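To start, the structure itself, in C-alpha cells.
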Amino acid sequence: MKPPIFIIIMLTVISGTMIVLTTSHWLMVWIGLEMNLLAIIPILMKKHNPRATEAATKYFLTQATASMLLMMGIIINLLHSGQWAMSKNLNPMASAMMTAALAMKLGLAPFHFWVPEVTQGISMSSGLILLTWQKIAPLSVLYQISPTINPDLLLTMATMSIAIGGWGGLNQTQLRKIMAYSSIAHMGWMTAIMAYSPTMMILNLMIYITMTLATFMLFMHNSTTTVSSLSQTWNKTPLVTLLILTLMMSLGGLPPLSGFIPKWMIIQELTKNEMIMMPTLLAMTALLNLYFYMRLTYTTTLTMFPSSNNMKMKWRFEHTKKMIFLPPLIVISTMLLPLTPMLSIL
Amino acid sequence: MNLFTSLTLTAMFILLLPIIMSNTQLYKNSLYPHYVKTTISYAFTISMVPTMMFISSGQETIISNWHWLSIQTLKLSLSFKLDYFSIIFIPVALFVTWSIMEFSMWYMHMDPYINRFFKYLLMFLITMMILVTANNLFQLFIGWEGVGIMSFLLIGWWYGRADANTAALQAILYNRIGDVGFITAMAWFLANLNAWDFQQIFIVQHENLNIPLLGLLLAATGKSAQFGLHPWLPSAMEGPTPVSALLHSSTMVVAGVFLLIRFHPLTEQNKTMQTLTLCLGAITTLFTAICALTQNDIKKIVAFSTSSQLGLMIVTIGINQPYLAFLHICTHAFFKAMLFMCSGSIIHSLNDEQDIRKMGGLYKPMPFTTTSLIIGSLALTGMPFLTGFYSKDLIIETANTSYTNAWALLITLIATSLTAAYSTRIMFFTLLGQPRFNPLSPINENNPYLINSIKRLLIGSIFAGYLISYNIPPTTIPQMTMPYYLKLTALAVTITGFILALELNLATKNLKFKYPSNLFKFSSLLGYFPIVMHRLPSTMSLTMSQKSASMLLDMIWLENVLPKSISYFQMKMSTIVSNQKGLVKLYFLSFMITLTLSLLLLNFHA
C-alpha cells in the first residue's frame, strides 16, 4: 500500500494503543480499542486475496463483539459506581464482563477459535503486529482491573489456554498457526499470574514480545511459511538455523535462556500463594509447546530434511529485507537470564 | 544289661547288608532275591526278641548313637525311639515284607531286572524302618522322603508305559503337597520350641498348637491319601502287585497315620484338631468306599479299600484312640497284603488280566487263592474273631460310645457296610459264576513261593489279631458296657452290606443294561475329583501367571499405561483441538455460552 496511507494507518494503530495505555477514563479506553481495531483492518488486508479478507472479517467480528461486551461492562460499572474513572473496586458483574471481553480480544480460551485462522490468513508482518502489538492494550486494561477479577475465572481461562495452545500446536505444519497457538499458550501464562502478581504479567509480556518479534523476523527473512520450507534454511542462510534453535528453546522456556525467566517467576509466585497442583499442571502442559518447538528445530537445525537433489545447491542471493533490531532482539530473547535480579525495576 | 539295643540295631543292620553288597558279584547273581528274602526273615526273627522283651517287661529304649551336628542350640543326632509303637510295628512290617518278597520271587521271576526290584523293595523297607524308629523329626523326615522316593521308583517300575510314569509323578506331587505341611510343623517346632525331639516337644506346654498340628494333618493327608490328596493311591496301582502289596497297603500309606499317632500327646488336648481329623477321616472312608463300588480293575478296588481303611484309622485318631488306630494298622497289614497277593495270583494266572468283568468261576481251578481271598475279605469286613475283628469292631464300638460327631459316625457306619458290599463284589465277579476269561489261560498256583507266602499271611490274617491284642500292654481301656444294639452295630451293618450286595449282584444277571445313572457315573469316575482337580487348578494358575507376567506386567504396565496412553491421549487431544470448523457462528455460540456460564456461576457467590 502506498507509504503515506500506511504511515497514517500505523499511526492510528499506535495512538489507539497509547490512548488505552495512558487514560483513566473508561470511555477513552473503549475509544482507543476501537481505533486500534478499525485501523488494523487494512493492515490485515495488505495482500488482497480472499483468505486475507476472510481473516480480516473474522477478526473484525470477534473484536467488535468484544468491544461491545466491554462497553456493556463499562456501563454496568457506571450504573453501579456512578463515575467513569478507572478505579480499583469494580462491580463483580462488570468485572466479569470486562474480563470476558478482554479475553476475547486477547484470544484466550475458550475464545481462542479465531486466532489460528486469522493468523494463517494474513501475511507474515501483519501477523507479527497482530500477535505482539495487539496484546498490549487489552493486557494493560486487565492490569488495571486485576484486583477485582474473579481468580477462578482467570485461572480456568489460563489453564485452558495453555492446554489448548499446547495441543493445538502439535498438529500444525504452517508456521503462522504454530505461532498463533504459541501466542494462546503464552497469554495463558500471563493470565495465570494476573490475580497474584500483575508485575510478572508485564515481565512475561515483554519477554514474549521480544521472542515473538525475533522469531517472526527470522521467518520473514527466509520468506518461509511452512515447516518444510523452513527446513531448507541450512542452504540459504546457515546462521538462521542456529538462531532458530536458540529462539525455539527460549520460546519453550528452557533455562538458561531468557524464555525461562517468566515461567520461573510465575511458578514461584503461584507456589508462594500455596497453589501446588496448578503450576505443576501448567509446567507439564508447557512441555507440549516445547515439543513442537523442538520439532521445528529438529527439522531446521539438527537434521538435513529430505529434499530433492537440485535444492541442495542454491544460489546465495544477498538478503535485502530490512530486519530492524534483529541482533539486539535475539540477544535479549536468549541471554537475559543472568539479569533476572533486575526485576526490581518493574 | 540285656540285648535289647544290640538286637534291634542288629536287625536294622542286617537289612543294610544286601544294599552294601550290591556292587559285588552277589548282585549279579540270580540267587540275589533268595538272599534278600532270607535276610529279611532273619531280621524278623531277631526283631521278635526285643518285642518279646517289651511284652514281658514293658521295657522301652531310646538309642542315641551319633551326634551329627549342632546348629546353635539345636542338636541333631541319630537316635532311635523303640517304644510301644515301633517295637510292635517292626516285626509286623518285617513279617509282611518277608512274605511279599517270597511272593515277588514268583511274580517277578520273568523280569530281567529282578535284582534291582528286590534292591528297591529293600531300600523302601529300610527307609520305612527309619521312619518308624525315628526319635526326632529330622530323622522321620528322612524316612518320610525316602519312602516317597522309593514309591516313585517302584510305581514307575515299568517305565516304558506312559501311564506308569504319570502315576509315579502323581504320587510324588501329591506327597509333596503333604510335605509342605510337614515342613511347616518342623519350622514351627523349631521356631517356638527349639526342638525336633519328641521328648522335648511333648513336655512343653503351649497354649495354641493349631499350626503344627494342622501341618501334620496335611502331611498325613498327603501320605495316607485322605480326601483332597487321594487320587494318587488308585493310580499307584500301575506298579507291580508286590509293590502295591507292600507300599500301598501295609507300610507306606500308614506312615501318615503313624505320624499322627506319634503326636498323640499333642492331639489329645486340641479339640479342634480332633474334630478336623474325625471329619476328614469320615469323608475319606465314605467317599473311597463309594468309588470302590463301581471299579472294574481288581487292584483298584483293593486300593480304594485301603484308602477307606486308612480313613477309618484317621477316624480312630479323631476320637482320641491312637492305640486302637495303631492296632488297626498292624492287623490291616496282614489281610490287605494278602488280598493283593491273591489278586496278583489271579492276575498272573489269567495272563495279566486285571478286569473283573473278564474273570469268573475261579472257585474250582484256584482253590487256595479262593480260600485266602475269602478269608482276607472276611477279615477285612470284620468277621468276628478273625484279625480284622479285634481292631475294627473295637473302633466302631468306641466310636458309638464316645461323645463324638454324629454325622461322622453315621457315615463311618455306612462305609463299613460298603466295605462288605465291594468285598462281595470282588468275590462274586472273580470267583463265582461261569468263567468269562480266555479258555487257554495258564491257571496255576503250584509254586511253593506263592503258596508259602500266602499261607503265612493267611495264618496271620486268622490269628494275628488275637495274638497281638492279648499280648500287648494295656493302654486305653475299651468301653466294656453298652446297649446290645450298639455292640452289634458293626456286625449288623456288615451283614446288611453283604446281603444287599449279593442280592444286587445276583439280580443284575437277569436285567438289561440301561444307560448308567448319575450316581453310577459319580462312583465310577471317582467323584469327578481327578478329572476336575488335575486340570482346573493347573490351567488356572498357568493362565493367571501368563496373564499377569506377560500381559499385565509387560504389555499393560510397562508398555501401555504410561508411554502409549500418554502419547495416544496427546495425539487425540491435538486433533480434537486443532480441528476447528471455520464457522464463525459456532465460535460466537461458544462465546455466548461461556459468557453466560461465567456470569451465572462466578457472580453469585462474591
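In the C-alpha cells, the first chain shown is A, the next is B, and so on; residue numbers restart at 1 for each chain, and ligands run from 1 in the order shown.
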Please list as a PyMOL selection string every residue within 10 Å of Leu128 (chain A), counting only C-alpha atoms and excluding residues in the same chain fewer than 3 positions away. chain A and resi 119+122-125+131-134+176+179-180+209+212-217+220
Would you write out those residues with N, CA, C and O atoms, as a PDB file, in the first residue's frame?
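Heads up, here's the output in part16.pdb:
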ATOM      1  N   THR A 119      -4.542 -15.604  11.949  1.00  0.00           N
ATOM      2  CA  THR A 119      -3.091 -15.513  11.746  1.00  0.00           C
ATOM      3  C   THR A 119      -2.676 -16.184  10.446  1.00  0.00           C
ATOM      4  O   THR A 119      -1.751 -15.738   9.767  1.00  0.00           O
ATOM      5  N   ILE A 122      -3.315 -14.053   7.023  1.00  0.00           N
ATOM      6  CA  ILE A 122      -2.697 -12.776   6.699  1.00  0.00           C
ATOM      7  C   ILE A 122      -1.209 -12.946   6.466  1.00  0.00           C
ATOM      8  O   ILE A 122      -0.667 -14.007   6.727  1.00  0.00           O
ATOM      9  N   SER A 123      -0.576 -11.886   6.026  1.00  0.00           N
ATOM     10  CA  SER A 123       0.848 -12.011   5.710  1.00  0.00           C
ATOM     11  C   SER A 123       1.662 -12.023   6.980  1.00  0.00           C
ATOM     12  O   SER A 123       1.158 -11.765   8.068  1.00  0.00           O
ATOM     13  N   MET A 124       2.904 -12.357   6.818  1.00  0.00           N
ATOM     14  CA  MET A 124       3.756 -12.571   7.978  1.00  0.00           C
ATOM     15  C   MET A 124       3.903 -11.318   8.827  1.00  0.00           C
ATOM     16  O   MET A 124       3.799 -11.381  10.057  1.00  0.00           O
ATOM     17  N   SER A 125       4.078 -10.168   8.201  1.00  0.00           N
ATOM     18  CA  SER A 125       4.307  -8.968   9.019  1.00  0.00           C
ATOM     19  C   SER A 125       3.029  -8.530   9.711  1.00  0.00           C
ATOM     20  O   SER A 125       3.053  -8.069  10.846  1.00  0.00           O
ATOM     21  N   LEU A 131       0.036 -10.444  16.636  1.00  0.00           N
ATOM     22  CA  LEU A 131       0.349 -11.246  17.810  1.00  0.00           C
ATOM     23  C   LEU A 131       1.143 -10.497  18.864  1.00  0.00           C
ATOM     24  O   LEU A 131       1.246 -10.949  19.984  1.00  0.00           O
ATOM     25  N   THR A 132       1.727  -9.403  18.532  1.00  0.00           N
ATOM     26  CA  THR A 132       2.511  -8.713  19.553  1.00  0.00           C
ATOM     27  C   THR A 132       1.894  -7.382  19.977  1.00  0.00           C
ATOM     28  O   THR A 132       1.586  -7.191  21.148  1.00  0.00           O
ATOM     29  N   TRP A 133       1.708  -6.510  19.015  1.00  0.00           N
ATOM     30  CA  TRP A 133       1.243  -5.185  19.415  1.00  0.00           C
ATOM     31  C   TRP A 133      -0.183  -5.217  19.943  1.00  0.00           C
ATOM     32  O   TRP A 133      -0.521  -4.497  20.878  1.00  0.00           O
ATOM     33  N   GLN A 134      -1.015  -6.007  19.340  1.00  0.00           N
ATOM     34  CA  GLN A 134      -2.423  -6.026  19.716  1.00  0.00           C
ATOM     35  C   GLN A 134      -2.652  -6.561  21.101  1.00  0.00           C
ATOM     36  O   GLN A 134      -3.739  -6.404  21.634  1.00  0.00           O
ATOM     37  N   ARG A 176       2.657 -19.970  10.745  1.00  0.00           N
ATOM     38  CA  ARG A 176       1.839 -18.930  11.358  1.00  0.00           C
ATOM     39  C   ARG A 176       0.874 -19.520  12.365  1.00  0.00           C
ATOM     40  O   ARG A 176       0.633 -18.960  13.432  1.00  0.00           O
ATOM     41  N   MET A 179       2.738 -20.248  15.497  1.00  0.00           N
ATOM     42  CA  MET A 179       2.956 -19.064  16.323  1.00  0.00           C
ATOM     43  C   MET A 179       1.662 -18.606  16.962  1.00  0.00           C
ATOM     44  O   MET A 179       1.671 -18.074  18.067  1.00  0.00           O
ATOM     45  N   ALA A 180       0.524 -18.814  16.270  1.00  0.00           N
ATOM     46  CA  ALA A 180      -0.755 -18.439  16.861  1.00  0.00           C
ATOM     47  C   ALA A 180      -1.015 -19.246  18.121  1.00  0.00           C
ATOM     48  O   ALA A 180      -1.377 -18.695  19.173  1.00  0.00           O
ATOM     49  N   ILE A 209       7.070 -10.660  23.823  1.00  0.00           N
ATOM     50  CA  ILE A 209       7.074  -9.815  22.624  1.00  0.00           C
ATOM     51  C   ILE A 209       8.423  -9.854  21.940  1.00  0.00           C
ATOM     52  O   ILE A 209       8.510  -9.980  20.708  1.00  0.00           O
ATOM     53  N   THR A 212       8.805 -13.251  20.188  1.00  0.00           N
ATOM     54  CA  THR A 212       7.963 -13.429  19.009  1.00  0.00           C
ATOM     55  C   THR A 212       8.403 -12.520  17.878  1.00  0.00           C
ATOM     56  O   THR A 212       8.390 -12.923  16.700  1.00  0.00           O
ATOM     57  N   LEU A 213       8.818 -11.324  18.239  1.00  0.00           N
ATOM     58  CA  LEU A 213       9.331 -10.428  17.207  1.00  0.00           C
ATOM     59  C   LEU A 213      10.501 -11.041  16.484  1.00  0.00           C
ATOM     60  O   LEU A 213      10.561 -11.093  15.244  1.00  0.00           O
ATOM     61  N   ALA A 214      11.446 -11.561  17.281  1.00  0.00           N
ATOM     62  CA  ALA A 214      12.642 -12.148  16.674  1.00  0.00           C
ATOM     63  C   ALA A 214      12.274 -13.315  15.778  1.00  0.00           C
ATOM     64  O   ALA A 214      12.784 -13.454  14.660  1.00  0.00           O
ATOM     65  N   THR A 215      11.370 -14.162  16.281  1.00  0.00           N
ATOM     66  CA  THR A 215      11.001 -15.338  15.501  1.00  0.00           C
ATOM     67  C   THR A 215      10.353 -14.955  14.191  1.00  0.00           C
ATOM     68  O   THR A 215      10.705 -15.459  13.126  1.00  0.00           O
ATOM     69  N   PHE A 216       9.406 -14.057  14.286  1.00  0.00           N
ATOM     70  CA  PHE A 216       8.727 -13.643  13.063  1.00  0.00           C
ATOM     71  C   PHE A 216       9.690 -13.027  12.074  1.00  0.00           C
ATOM     72  O   PHE A 216       9.586 -13.245  10.867  1.00  0.00           O
ATOM     73  N   MET A 217      10.613 -12.240  12.599  1.00  0.00           N
ATOM     74  CA  MET A 217      11.540 -11.608  11.671  1.00  0.00           C
ATOM     75  C   MET A 217      12.416 -12.627  10.990  1.00  0.00           C
ATOM     76  O   MET A 217      12.709 -12.517   9.793  1.00  0.00           O
ATOM     77  N   MET A 220      10.342 -14.074   8.310  1.00  0.00           N
ATOM     78  CA  MET A 220      10.163 -13.174   7.163  1.00  0.00           C
ATOM     79  C   MET A 220      11.424 -13.072   6.354  1.00  0.00           C
ATOM     80  O   MET A 220      11.389 -12.990   5.139  1.00  0.00           O
TER      81      MET A 220
END
Per residue of chain A within 6 Å of chain B, record the nearest atom pair and its distance in Å to one decimal, counting only C-alpha atoms, with rows in chain order and ascending residue number, as a tab-separated table.
residue	atom	partner	partner_atom	distance
A:Trp167	CA	B:Ser574	CA	4.3
A:Gly168	CA	B:Ser578	CA	4.6
A:Leu170	CA	B:Ser574	CA	6.0
Next, dump the selected residues to file, keeping only all heavy atoms, as an mmCIF file, in the first residue's frame.
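Once everything was written out, this is result.cif:
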data_model
loop_
_atom_site.group_PDB
_atom_site.id
_atom_site.type_symbol
_atom_site.label_atom_id
_atom_site.label_comp_id
_atom_site.auth_asym_id
_atom_site.auth_seq_id
_atom_site.Cartn_x
_atom_site.Cartn_y
_atom_site.Cartn_z
ATOM 1 N N TRP A 167 -1.865 -28.399 22.806
ATOM 2 C CA TRP A 167 -2.386 -29.458 21.965
ATOM 3 C C TRP A 167 -2.620 -29.016 20.549
ATOM 4 O O TRP A 167 -2.428 -29.779 19.613
ATOM 5 C CB TRP A 167 -3.705 -29.975 22.567
ATOM 6 C CG TRP A 167 -3.459 -30.923 23.687
ATOM 7 C CD1 TRP A 167 -2.473 -31.841 23.764
ATOM 8 C CD2 TRP A 167 -4.217 -31.025 24.876
ATOM 9 N NE1 TRP A 167 -2.576 -32.520 24.932
ATOM 10 C CE2 TRP A 167 -3.639 -32.040 25.641
ATOM 11 C CE3 TRP A 167 -5.339 -30.370 25.369
ATOM 12 C CZ2 TRP A 167 -4.122 -32.414 26.869
ATOM 13 C CZ3 TRP A 167 -5.817 -30.749 26.596
ATOM 14 C CH2 TRP A 167 -5.216 -31.751 27.352
ATOM 15 N N GLY A 168 -3.050 -27.756 20.399
ATOM 16 C CA GLY A 168 -3.364 -27.296 19.051
ATOM 17 C C GLY A 168 -2.134 -27.212 18.185
ATOM 18 O O GLY A 168 -2.164 -27.540 17.005
ATOM 19 N N LEU A 170 0.408 -29.022 18.204
ATOM 20 C CA LEU A 170 1.063 -30.284 17.874
ATOM 21 C C LEU A 170 0.752 -30.722 16.455
ATOM 22 O O LEU A 170 1.508 -31.451 15.845
ATOM 23 C CB LEU A 170 0.599 -31.376 18.824
ATOM 24 C CG LEU A 170 1.228 -31.403 20.204
ATOM 25 C CD1 LEU A 170 0.611 -32.515 21.001
ATOM 26 C CD2 LEU A 170 2.698 -31.616 20.079
#
Have a look at CA of Pro367 (chain B) and CA of Leu418 (chain B) and let me know their distance in Å, one decimal.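 That distance, rounded to one decimal, is 26.1 Å.
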CA of Leu362 (chain B) and CA of Phe429 (chain B), how far apart in Å?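 CA of Leu362 (chain B) lies 9.3 Å from CA of Phe429 (chain B).
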Please provide as a list in words all residues within 8 Å of Met157 (chain A), with the sequence filter that same-chain residues fewer than 4 positions apart are discarded (counting only C-alpha atoms).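 The neighbour list is Leu108, Ala109, Pro110, Leu153, Ser161, Gly188 and Thr191 of chain A.
Closest approach to Ser229 (chain A) from the set A:Leu270, A:Gln172, A:Thr300, A:Leu281 is made by A:Thr300, with distances taken over only C-alpha atoms.
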Excluding Trp26 (chain A) and its own-chain neighbours fewer than 2 positions away, which residues fall within 8 Å of it when counting only C-alpha atoms? Please give them as a PDB file with N, CA, C and O atoms, in the first residue's frame.
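Once everything was written out, this is result-v2.pdb:
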ATOM      1  N   THR A  23      -4.879   6.373  29.522  1.00  0.00           N
ATOM      2  CA  THR A  23      -6.081   7.041  30.016  1.00  0.00           C
ATOM      3  C   THR A  23      -6.565   6.455  31.322  1.00  0.00           C
ATOM      4  O   THR A  23      -6.169   5.363  31.710  1.00  0.00           O
ATOM      5  N   SER A  24      -7.429   7.236  31.996  1.00  0.00           N
ATOM      6  CA  SER A  24      -8.087   6.708  33.184  1.00  0.00           C
ATOM      7  C   SER A  24      -9.588   6.888  33.095  1.00  0.00           C
ATOM      8  O   SER A  24     -10.289   6.763  34.086  1.00  0.00           O
ATOM      9  N   MET A  28     -12.616   6.484  27.137  1.00  0.00           N
ATOM     10  CA  MET A  28     -11.427   6.606  26.314  1.00  0.00           C
ATOM     11  C   MET A  28     -10.795   5.256  26.060  1.00  0.00           C
ATOM     12  O   MET A  28     -10.248   5.000  24.993  1.00  0.00           O
ATOM     13  N   VAL A  29     -10.893   4.376  27.050  1.00  0.00           N
ATOM     14  CA  VAL A  29     -10.386   3.014  26.841  1.00  0.00           C
ATOM     15  C   VAL A  29     -11.092   2.375  25.660  1.00  0.00           C
ATOM     16  O   VAL A  29     -10.475   1.835  24.732  1.00  0.00           O
ATOM     17  N   TRP A  30     -12.409   2.506  25.675  1.00  0.00           N
ATOM     18  CA  TRP A  30     -13.182   1.901  24.606  1.00  0.00           C
ATOM     19  C   TRP A  30     -12.847   2.528  23.268  1.00  0.00           C
ATOM     20  O   TRP A  30     -12.706   1.846  22.262  1.00  0.00           O
ATOM     21  N   ILE A  74     -18.565  -1.544  30.959  1.00  0.00           N
ATOM     22  CA  ILE A  74     -18.293  -0.178  31.408  1.00  0.00           C
ATOM     23  C   ILE A  74     -19.583   0.475  31.897  1.00  0.00           C
ATOM     24  O   ILE A  74     -19.621   1.120  32.943  1.00  0.00           O
ATOM     25  N   TRP A  84     -16.968   7.559  35.761  1.00  0.00           N
ATOM     26  CA  TRP A  84     -16.267   6.954  34.638  1.00  0.00           C
ATOM     27  C   TRP A  84     -14.832   6.592  34.936  1.00  0.00           C
ATOM     28  O   TRP A  84     -14.139   6.061  34.114  1.00  0.00           O
ATOM     29  N   ALA A  85     -14.312   6.959  36.119  1.00  0.00           N
ATOM     30  CA  ALA A  85     -12.873   6.779  36.339  1.00  0.00           C
ATOM     31  C   ALA A  85     -12.538   5.319  36.532  1.00  0.00           C
ATOM     32  O   ALA A  85     -13.341   4.537  37.065  1.00  0.00           O
ATOM     33  N   MET A  86     -11.317   4.966  36.087  1.00  0.00           N
ATOM     34  CA  MET A  86     -10.893   3.577  36.262  1.00  0.00           C
ATOM     35  C   MET A  86     -10.412   3.404  37.683  1.00  0.00           C
ATOM     36  O   MET A  86      -9.330   3.844  38.040  1.00  0.00           O
TER      37      MET A  86
END
Skipping near chain neighbours, those fewer than 3 positions away, what residues fall within 10 Å of Pro306 (chain A) using only C-alpha atoms, listed as a PDB file with C-alpha atoms, in the first residue's frame?
ATOM      1  CA  SER A 228       9.156 -27.852   5.139  1.00  0.00           C
ATOM      2  CA  SER A 231      13.885 -26.916   6.777  1.00  0.00           C
ATOM      3  CA  GLN A 232      15.797 -25.599   3.749  1.00  0.00           C
ATOM      4  CA  THR A 299      13.753 -30.216  11.007  1.00  0.00           C
ATOM      5  CA  THR A 303      18.895 -32.659  10.689  1.00  0.00           C
ATOM      6  CA  ASN A 309      18.542 -33.023  -5.307  1.00  0.00           C
TER       7      ASN A 309
END
Gly376 (chain B): which residues within 8 Å, counting only C-alpha atoms, same-chain residues fewer than 6 positions away excluded, as a list in words?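 Listed by chain and then number, they are Phe335, Lys336, Met338, Leu339, Leu458 and Ser461 of chain B.
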